[in-house]
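Shown below: target_23.cif, with mmCIF, C-alpha atoms.
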```cif
data_run
loop_
_atom_site.group_PDB
_atom_site.id
_atom_site.type_symbol
_atom_site.label_atom_id
_atom_site.label_comp_id
_atom_site.auth_asym_id
_atom_site.auth_seq_id
_atom_site.Cartn_x
_atom_site.Cartn_y
_atom_site.Cartn_z
ATOM 1 C CA MET A 1 0.000 0.000 0.000
ATOM 2 C CA LYS A 2 1.401 3.357 -1.011
ATOM 3 C CA LYS A 3 1.547 6.047 1.645
ATOM 4 C CA LEU A 4 2.509 9.653 1.029
ATOM 5 C CA LEU A 5 3.549 12.271 3.558
ATOM 6 C CA CYS A 6 2.474 15.819 2.679
ATOM 7 C CA MET A 7 2.306 19.472 3.726
ATOM 8 C CA GLY A 8 5.542 19.933 5.648
ATOM 9 C CA ILE A 9 4.832 17.631 8.553
ATOM 10 C CA LEU A 10 6.338 18.744 11.837
ATOM 11 C CA ALA A 11 9.017 16.428 13.201
ATOM 12 C CA LEU A 12 7.923 14.931 16.493
ATOM 13 C CA CYS A 13 10.942 14.943 18.754
ATOM 14 C CA THR A 14 11.604 14.878 22.474
ATOM 15 C CA LEU A 15 11.956 18.383 23.830
ATOM 16 C CA LEU A 16 14.108 18.941 26.889
ATOM 17 C CA CYS A 17 13.675 21.613 29.502
ATOM 18 C CA ALA A 18 16.388 24.188 28.775
ATOM 19 C CA CYS A 19 17.317 24.683 32.379
ATOM 20 C CA GLY A 20 17.337 20.984 33.150
ATOM 21 C CA GLY A 21 15.180 21.530 36.242
ATOM 22 C CA ALA A 22 11.806 20.184 37.217
ATOM 23 C CA LEU A 23 8.747 21.566 35.470
ATOM 24 C CA PRO A 24 6.301 23.620 37.535
ATOM 25 C CA ASP A 25 3.570 21.647 39.297
ATOM 26 C CA PRO A 26 0.126 22.699 37.980
ATOM 27 C CA GLN A 27 -1.169 22.526 41.556
ATOM 28 C CA GLU A 28 1.152 25.397 42.524
ATOM 29 C CA LYS A 29 0.237 27.687 39.619
ATOM 30 C CA ASP A 30 -2.380 30.438 39.569
ATOM 31 C CA VAL A 31 -3.080 29.909 35.871
ATOM 32 C CA LEU A 32 -3.617 26.493 34.272
ATOM 33 C CA VAL A 33 -2.539 26.175 30.643
ATOM 34 C CA ALA A 34 -4.602 23.747 28.592
ATOM 35 C CA GLY A 35 -3.776 22.499 25.108
ATOM 36 C CA VAL A 36 -6.924 22.329 22.954
ATOM 37 C CA ARG A 37 -7.744 22.025 19.275
ATOM 38 C CA GLY A 38 -8.618 24.965 17.062
ATOM 39 C CA ASP A 39 -9.941 22.941 14.133
ATOM 40 C CA ALA A 40 -12.264 20.340 15.679
ATOM 41 C CA PRO A 41 -15.850 21.675 15.616
ATOM 42 C CA GLY A 42 -17.790 20.669 18.702
ATOM 43 C CA PHE A 43 -14.605 19.868 20.644
ATOM 44 C CA GLY A 44 -12.149 22.728 20.212
ATOM 45 C CA TYR A 45 -12.695 25.250 17.457
ATOM 46 C CA ILE A 46 -12.028 28.914 16.665
ATOM 47 C CA GLU A 47 -14.732 30.501 14.541
ATOM 48 C CA VAL A 48 -13.686 32.523 11.497
ATOM 49 C CA GLY A 49 -12.827 35.953 12.832
ATOM 50 C CA GLY A 50 -12.850 34.673 16.412
ATOM 51 C CA LYS A 51 -10.008 34.726 18.901
ATOM 52 C CA GLU A 52 -10.900 32.214 21.612
ATOM 53 C CA PRO A 53 -11.484 28.469 21.202
ATOM 54 C CA GLU A 54 -14.848 26.983 22.126
ATOM 55 C CA GLY A 55 -16.305 23.503 22.360
ATOM 56 C CA TYR A 56 -16.869 20.515 24.625
ATOM 57 C CA GLU A 57 -13.209 20.076 25.555
ATOM 58 C CA VAL A 58 -12.764 23.800 26.123
ATOM 59 C CA ASP A 59 -15.719 23.695 28.532
ATOM 60 C CA ILE A 60 -14.183 20.716 30.357
ATOM 61 C CA ALA A 61 -10.892 22.588 30.801
ATOM 62 C CA LYS A 62 -12.748 25.673 32.075
ATOM 63 C CA ALA A 63 -14.696 23.570 34.567
ATOM 64 C CA ILE A 64 -11.510 21.968 35.907
ATOM 65 C CA ALA A 65 -9.850 25.359 36.356
ATOM 66 C CA GLN A 66 -12.925 26.771 38.063
ATOM 67 C CA LYS A 67 -13.157 23.895 40.531
ATOM 68 C CA LEU A 68 -9.443 24.264 41.306
ATOM 69 C CA ASP A 69 -9.977 28.026 41.784
ATOM 70 C CA LYS A 70 -7.496 28.861 39.018
ATOM 71 C CA GLU A 71 -7.507 30.969 35.881
ATOM 72 C CA ILE A 72 -7.364 29.157 32.527
ATOM 73 C CA GLU A 73 -5.264 29.887 29.474
ATOM 74 C CA PHE A 74 -5.398 28.021 26.169
ATOM 75 C CA ARG A 75 -2.781 26.947 23.635
ATOM 76 C CA ILE A 76 -3.895 25.661 20.249
ATOM 77 C CA MET A 77 -2.545 22.176 19.537
ATOM 78 C CA THR A 78 -1.893 20.339 16.296
ATOM 79 C CA ASP A 79 -1.831 16.538 16.205
ATOM 80 C CA SER A 80 1.962 16.524 16.313
ATOM 81 C CA SER A 81 2.441 19.205 18.976
ATOM 82 C CA ARG A 82 0.270 17.685 21.711
ATOM 83 C CA GLU A 83 2.810 15.358 23.313
ATOM 84 C CA PRO A 84 5.933 17.560 23.131
ATOM 85 C CA SER A 85 3.972 20.611 24.335
ATOM 86 C CA LEU A 86 2.887 18.659 27.405
ATOM 87 C CA LEU A 87 6.204 16.995 28.178
ATOM 88 C CA ASP A 88 8.266 20.180 27.869
ATOM 89 C CA GLY A 89 5.900 22.134 30.126
ATOM 90 C CA GLU A 90 4.291 24.468 27.599
ATOM 91 C CA VAL A 91 0.895 23.199 28.744
ATOM 92 C CA ASP A 92 -0.272 21.547 31.970
ATOM 93 C CA MET A 93 -2.836 19.276 30.341
ATOM 94 C CA VAL A 94 -3.947 18.354 26.844
ATOM 95 C CA VAL A 95 -7.689 18.205 26.147
ATOM 96 C CA ALA A 96 -7.487 17.911 22.380
ATOM 97 C CA VAL A 97 -9.342 14.918 20.912
ATOM 98 C CA TYR A 98 -6.553 12.736 22.317
ATOM 99 C CA THR A 99 -7.206 8.995 22.127
ATOM 100 C CA ILE A 100 -6.055 6.899 25.083
ATOM 101 C CA THR A 101 -3.657 4.183 23.884
ATOM 102 C CA LYS A 102 -1.271 1.848 25.705
ATOM 103 C CA GLU A 103 1.638 3.255 23.716
ATOM 104 C CA ARG A 104 0.847 6.826 24.795
ATOM 105 C CA GLU A 105 0.270 5.753 28.389
ATOM 106 C CA GLU A 106 3.921 4.716 28.551
ATOM 107 C CA ARG A 107 4.898 8.398 28.366
ATOM 108 C CA MET A 108 1.877 10.291 29.705
ATOM 109 C CA ALA A 109 -0.904 9.858 32.234
ATOM 110 C CA PHE A 110 -4.486 9.900 30.963
ATOM 111 C CA SER A 111 -7.676 10.676 32.826
ATOM 112 C CA GLN A 112 -10.754 8.514 32.725
ATOM 113 C CA PRO A 113 -12.475 8.766 29.327
ATOM 114 C CA TYR A 114 -14.859 11.675 28.759
ATOM 115 C CA TYR A 115 -15.971 10.589 25.271
ATOM 116 C CA THR A 116 -16.090 7.422 23.147
ATOM 117 C CA ASP A 117 -15.764 7.816 19.401
ATOM 118 C CA ASN A 118 -15.470 5.804 16.161
ATOM 119 C CA LEU A 119 -13.493 6.259 12.953
ATOM 120 C CA VAL A 120 -15.397 6.836 9.720
ATOM 121 C CA PHE A 121 -14.890 7.716 6.057
ATOM 122 C CA MET A 122 -16.353 10.798 4.386
ATOM 123 C CA VAL A 123 -16.898 10.976 0.615
ATOM 124 C CA LYS A 124 -18.731 13.132 -1.894
ATOM 125 C CA GLU A 125 -22.247 11.933 -2.671
ATOM 126 C CA ALA A 126 -21.521 12.446 -6.369
ATOM 127 C CA SER A 127 -18.528 10.081 -6.186
ATOM 128 C CA GLY A 128 -20.752 7.008 -6.281
ATOM 129 C CA ILE A 129 -18.787 5.502 -3.369
ATOM 130 C CA LEU A 130 -21.281 3.790 -1.076
ATOM 131 C CA ALA A 131 -19.120 1.397 0.942
ATOM 132 C CA LEU A 132 -15.531 0.643 1.901
ATOM 133 C CA GLU A 133 -15.028 -1.420 -1.263
ATOM 134 C CA GLY A 134 -15.637 1.690 -3.353
ATOM 135 C CA LEU A 135 -12.388 3.222 -2.089
ATOM 136 C CA ALA A 136 -10.280 0.801 -4.146
ATOM 137 C CA GLY A 137 -7.791 2.778 -6.201
ATOM 138 C CA LYS A 138 -8.821 6.064 -4.570
ATOM 139 C CA LYS A 139 -6.866 8.626 -2.542
ATOM 140 C CA VAL A 140 -7.777 8.579 1.153
ATOM 141 C CA ALA A 141 -6.454 11.268 3.505
ATOM 142 C CA THR A 142 -6.105 11.855 7.227
ATOM 143 C CA ALA A 143 -3.662 13.679 9.523
ATOM 144 C CA VAL A 144 -0.316 12.503 10.824
ATOM 145 C CA GLY A 145 0.038 11.822 14.542
ATOM 146 C CA VAL A 146 -3.576 10.796 15.160
ATOM 147 C CA THR A 147 -5.185 7.416 15.779
ATOM 148 C CA PRO A 148 -6.822 7.340 12.302
ATOM 149 C CA ALA A 149 -3.349 7.507 10.742
ATOM 150 C CA GLU A 150 -2.317 4.507 12.844
ATOM 151 C CA GLU A 151 -5.462 2.537 11.950
ATOM 152 C CA ILE A 152 -6.026 3.350 8.257
ATOM 153 C CA ASP A 153 -3.764 0.639 6.808
ATOM 154 C CA ALA A 154 -5.329 -2.114 8.930
ATOM 155 C CA VAL A 155 -8.877 -0.950 8.139
ATOM 156 C CA LEU A 156 -8.223 -0.970 4.392
ATOM 157 C CA GLU A 157 -6.363 -4.281 4.490
ATOM 158 C CA GLN A 158 -9.117 -5.979 6.485
ATOM 159 C CA GLY A 159 -11.584 -4.799 3.876
ATOM 160 C CA GLY A 160 -9.366 -6.073 1.061
ATOM 161 C CA VAL A 161 -9.071 -2.550 -0.337
ATOM 162 C CA GLN A 162 -5.978 -1.170 -2.058
ATOM 163 C CA ALA A 163 -6.034 2.629 -1.759
ATOM 164 C CA GLU A 164 -3.473 5.427 -1.740
ATOM 165 C CA VAL A 165 -3.152 6.865 1.774
ATOM 166 C CA VAL A 166 -2.087 10.520 1.999
ATOM 167 C CA LEU A 167 -1.115 12.041 5.351
ATOM 168 C CA TYR A 168 -1.318 15.788 6.000
ATOM 169 C CA ASP A 169 0.171 17.813 8.830
ATOM 170 C CA THR A 170 -3.316 18.803 10.035
ATOM 171 C CA PHE A 171 -6.768 17.430 9.354
ATOM 172 C CA SER A 172 -7.944 20.851 8.217
ATOM 173 C CA ASN A 173 -5.340 20.703 5.426
ATOM 174 C CA ALA A 174 -6.521 17.201 4.525
ATOM 175 C CA ALA A 175 -10.098 18.515 4.356
ATOM 176 C CA LYS A 176 -8.956 21.436 2.205
ATOM 177 C CA ALA A 177 -7.381 19.045 -0.305
ATOM 178 C CA TYR A 178 -10.560 16.939 -0.253
ATOM 179 C CA ASN A 179 -12.756 19.975 -0.933
ATOM 180 C CA GLU A 180 -10.457 21.076 -3.765
ATOM 181 C CA GLY A 181 -10.855 17.672 -5.414
ATOM 182 C CA GLY A 182 -7.362 16.275 -4.889
ATOM 183 C CA ILE A 183 -8.544 13.650 -2.386
ATOM 184 C CA ASP A 184 -11.403 11.161 -2.782
ATOM 185 C CA ALA A 185 -12.136 10.400 0.871
ATOM 186 C CA LEU A 186 -11.295 11.492 4.414
ATOM 187 C CA PHE A 187 -10.779 9.184 7.405
ATOM 188 C CA MET A 188 -11.191 10.613 10.899
ATOM 189 C CA ASP A 189 -13.067 10.510 14.208
ATOM 190 C CA GLU A 190 -16.805 10.608 13.576
ATOM 191 C CA SER A 191 -17.306 13.451 16.063
ATOM 192 C CA VAL A 192 -14.705 15.609 14.330
ATOM 193 C CA MET A 193 -15.945 14.623 10.876
ATOM 194 C CA HIS A 194 -19.420 15.971 11.579
ATOM 195 C CA GLY A 195 -17.895 19.429 11.848
ATOM 196 C CA TYR A 196 -16.533 19.118 8.314
ATOM 197 C CA LEU A 197 -19.640 17.709 6.644
ATOM 198 C CA GLY A 198 -20.767 20.076 3.935
ATOM 199 C CA GLU A 199 -23.384 20.087 1.233
ATOM 200 C CA GLY A 200 -22.810 17.081 -1.002
ATOM 201 C CA ASP A 201 -20.791 15.147 1.600
ATOM 202 C CA MET A 202 -21.761 11.869 3.251
ATOM 203 C CA LEU A 203 -20.330 9.455 5.827
ATOM 204 C CA LEU A 204 -20.072 5.795 4.901
ATOM 205 C CA ASP A 205 -22.136 3.565 7.196
ATOM 206 C CA SER A 206 -19.234 1.438 8.429
ATOM 207 C CA LYS A 207 -17.614 2.495 11.700
ATOM 208 C CA PHE A 208 -14.182 1.366 12.899
ATOM 209 C CA SER A 209 -11.915 1.235 15.956
ATOM 210 C CA PRO A 210 -14.018 2.516 18.881
ATOM 211 C CA GLN A 211 -11.736 4.752 20.917
ATOM 212 C CA GLU A 212 -11.844 6.686 24.166
ATOM 213 C CA LEU A 213 -10.719 10.286 24.592
ATOM 214 C CA GLY A 214 -8.947 11.403 27.776
ATOM 215 C CA ILE A 215 -7.038 14.314 29.276
ATOM 216 C CA ALA A 216 -3.263 13.858 28.997
ATOM 217 C CA MET A 217 -1.065 14.994 31.894
ATOM 218 C CA ARG A 218 2.544 14.556 32.976
ATOM 219 C CA LYS A 219 3.026 11.404 35.034
ATOM 220 C CA GLU A 220 4.986 13.165 37.766
ATOM 221 C CA ASN A 221 2.060 15.483 38.599
ATOM 222 C CA LYS A 222 0.319 12.826 40.692
ATOM 223 C CA GLN A 223 -1.737 15.161 42.907
ATOM 224 C CA PHE A 224 -2.913 17.133 39.883
ATOM 225 C CA ILE A 225 -3.896 13.900 38.113
ATOM 226 C CA GLN A 226 -5.906 12.832 41.154
ATOM 227 C CA LYS A 227 -7.693 16.203 41.326
ATOM 228 C CA VAL A 228 -8.572 16.103 37.621
ATOM 229 C CA GLU A 229 -9.935 12.568 38.010
ATOM 230 C CA GLU A 230 -12.093 13.645 40.950
ATOM 231 C CA ILE A 231 -13.453 16.633 39.024
ATOM 232 C CA LEU A 232 -14.252 14.569 35.930
ATOM 233 C CA ALA A 233 -16.040 11.995 38.082
ATOM 234 C CA GLU A 234 -18.069 14.768 39.713
ATOM 235 C CA LEU A 235 -18.950 16.335 36.347
ATOM 236 C CA ASP A 236 -20.085 12.923 35.127
ATOM 237 C CA GLU A 237 -22.127 12.103 38.215
ATOM 238 C CA THR A 238 -23.927 15.464 38.207
ATOM 239 C CA GLY A 239 -24.763 15.171 34.507
ATOM 240 C CA GLU A 240 -22.676 18.225 33.587
ATOM 241 C CA LEU A 241 -20.575 16.320 31.051
ATOM 242 C CA ALA A 242 -23.700 14.986 29.355
ATOM 243 C CA ALA A 243 -25.177 18.504 29.273
ATOM 244 C CA MET A 244 -22.000 19.813 27.655
ATOM 245 C CA ARG A 245 -22.163 17.117 24.968
ATOM 246 C CA VAL A 246 -25.786 17.957 24.223
ATOM 247 C CA SER A 247 -25.012 21.671 24.029
ATOM 248 C CA TRP A 248 -22.341 20.997 21.405
ATOM 249 C CA THR A 249 -24.618 18.523 19.549
ATOM 250 C CA LEU A 250 -22.313 15.612 20.293
ATOM 251 C CA GLU A 251 -25.238 13.561 21.553
ATOM 252 C CA GLY A 252 -28.946 13.775 22.296
#
```
This structure in structure tokens:
Amino acid sequence: MKKLLCMGILALCTLLCACGGALPDPQEKDVLVAGVRGDAPGFGYIEVGGKEPEGYEVDIAKAIAQKLDKEIEFRIMTDSSREPSLLDGEVDMVVAVYTITKEREERMAFSQPYYTDNLVFMVKEASGILALEGLAGKKVATAVGVTPAEEIDAVLEQGGVQAEVVLYDTFSNAAKAYNEGGIDALFMDESVMHGYLGEGDMLLDSKFSPQELGIAMRKENKQFIQKVEEILAELDETGELAAMRVSWTLEG
């Protein structure tokens, strides 16, 4: 299977603290810095002409800061910047459509899941593609550094489909290429994909690789991790998480 790497992908490398000292403990800070997405409608998104991100994950980060009696500041994350931004101390937590995986848990701590998602394909209605088999010989795109990029080969192979996989540095750039006609299909989280559905687009019925989203934190910040877990549990028990999902049309 041919795979192309496009759009000046950022190199993902381990960043070291310049001073060599310990990173500040989020518990001891007055302002929490949260990494969120700016291109994931419903989760973390900046409207055209807007300045501040909004969405389900943004609301979760705000709720955590409020319950810890701290101010909140946001940094916009790309798929490739999430891990290094956390590990080098640029952000205190990442709430950015981040799938919990065993491989990632070796380097970071994750909270309990706050959302369960699936991977889906989006195509143009006029393409005549109605099922996975219709992607044979087509160009399928997603973003580097995300779970869909890790799963796409296996999904296509299991379906017996030979397609050309193209990886972009961000999903928004993949969607741009798709809308310009250079790509036949997109592969991404269903929740994110709904934000990109336009007139003449459709999602294929098949859903793949159920995955859970969690808040990523540095492993050494054990007290902070415990506090975040307690707050998420409270938000779940009181129905606040469910209300947030409904308000962003993620369910209900």
Checklist entry - Hey, what's within 8 Å of Thr99 in chain A if we count all atoms listed in the file and toss same-chain stuff fewer than 4 positions away? As a VMD selection string, please? => result chain A and resid 147 211 to 214
Taking only residues of range 45-124 of chain A that have an atom at most 10 Å from an atom of range 176-182 of chain A, what is each one's shortest atom pair and its distance in Å to one decimal, using all atoms listed in the file, in chain and number order, as a Markdown table?
```
| residue | atom | partner | partner_atom | distance |
| --- | --- | --- | --- | --- |
| A:Met122 | CA | A:Tyr178 | CA | 9.6 |
| A:Val123 | CA | A:Tyr178 | CA | 8.7 |
| A:Lys124 | CA | A:Asn179 | CA | 9.1 |
```
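Between Asp236 in chain A and the candidates A:Tyr196, A:Phe187, A:Tyr114, A:Phe171, the tightest atom-to-atom separation, counting all atoms listed in the file, involves A:Tyr114.
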Next on the checklist: Report as a ChimeraX atom specification all protein, DNA and RNA residues lying within 12 Å of Gln66 in chain A, evaluated on all atoms listed in the file, omitting residues in the same chain fewer than 6 positions from it.
Outcome noted: /A:30-32,59-60,72-73,228,231
Checklist entry - So which residues fall inside 12 Å of (-11.1, 6.3, 30.5) if we count only C-alpha atoms? Mind giving them as a PyMOL selection string? => result chain A and resi 98-102+105+109-116+211-216+229+232-233
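Considering the residues A:Asp189, A:Asp184, A:Glu71, A:Glu103 and counting only C-alpha atoms, Gly134 in chain A has its shortest atom-to-atom contact with A:Asp184.
Put simply, the PyMOL selection byres ((chain A and resi 24) around 12) in this file takes in A:Cys17, A:Gly21, A:Ala22, A:Leu23, A:Asp25, A:Pro26, A:Gln27, A:Glu28, A:Lys29, A:Asp30, A:Val31, A:Leu32, A:Val33, A:Leu86, A:Leu87, A:Asp88, A:Gly89, A:Glu90, A:Val91, A:Asp92, A:Arg218, A:Glu220, A:Asn221, A:Phe224.
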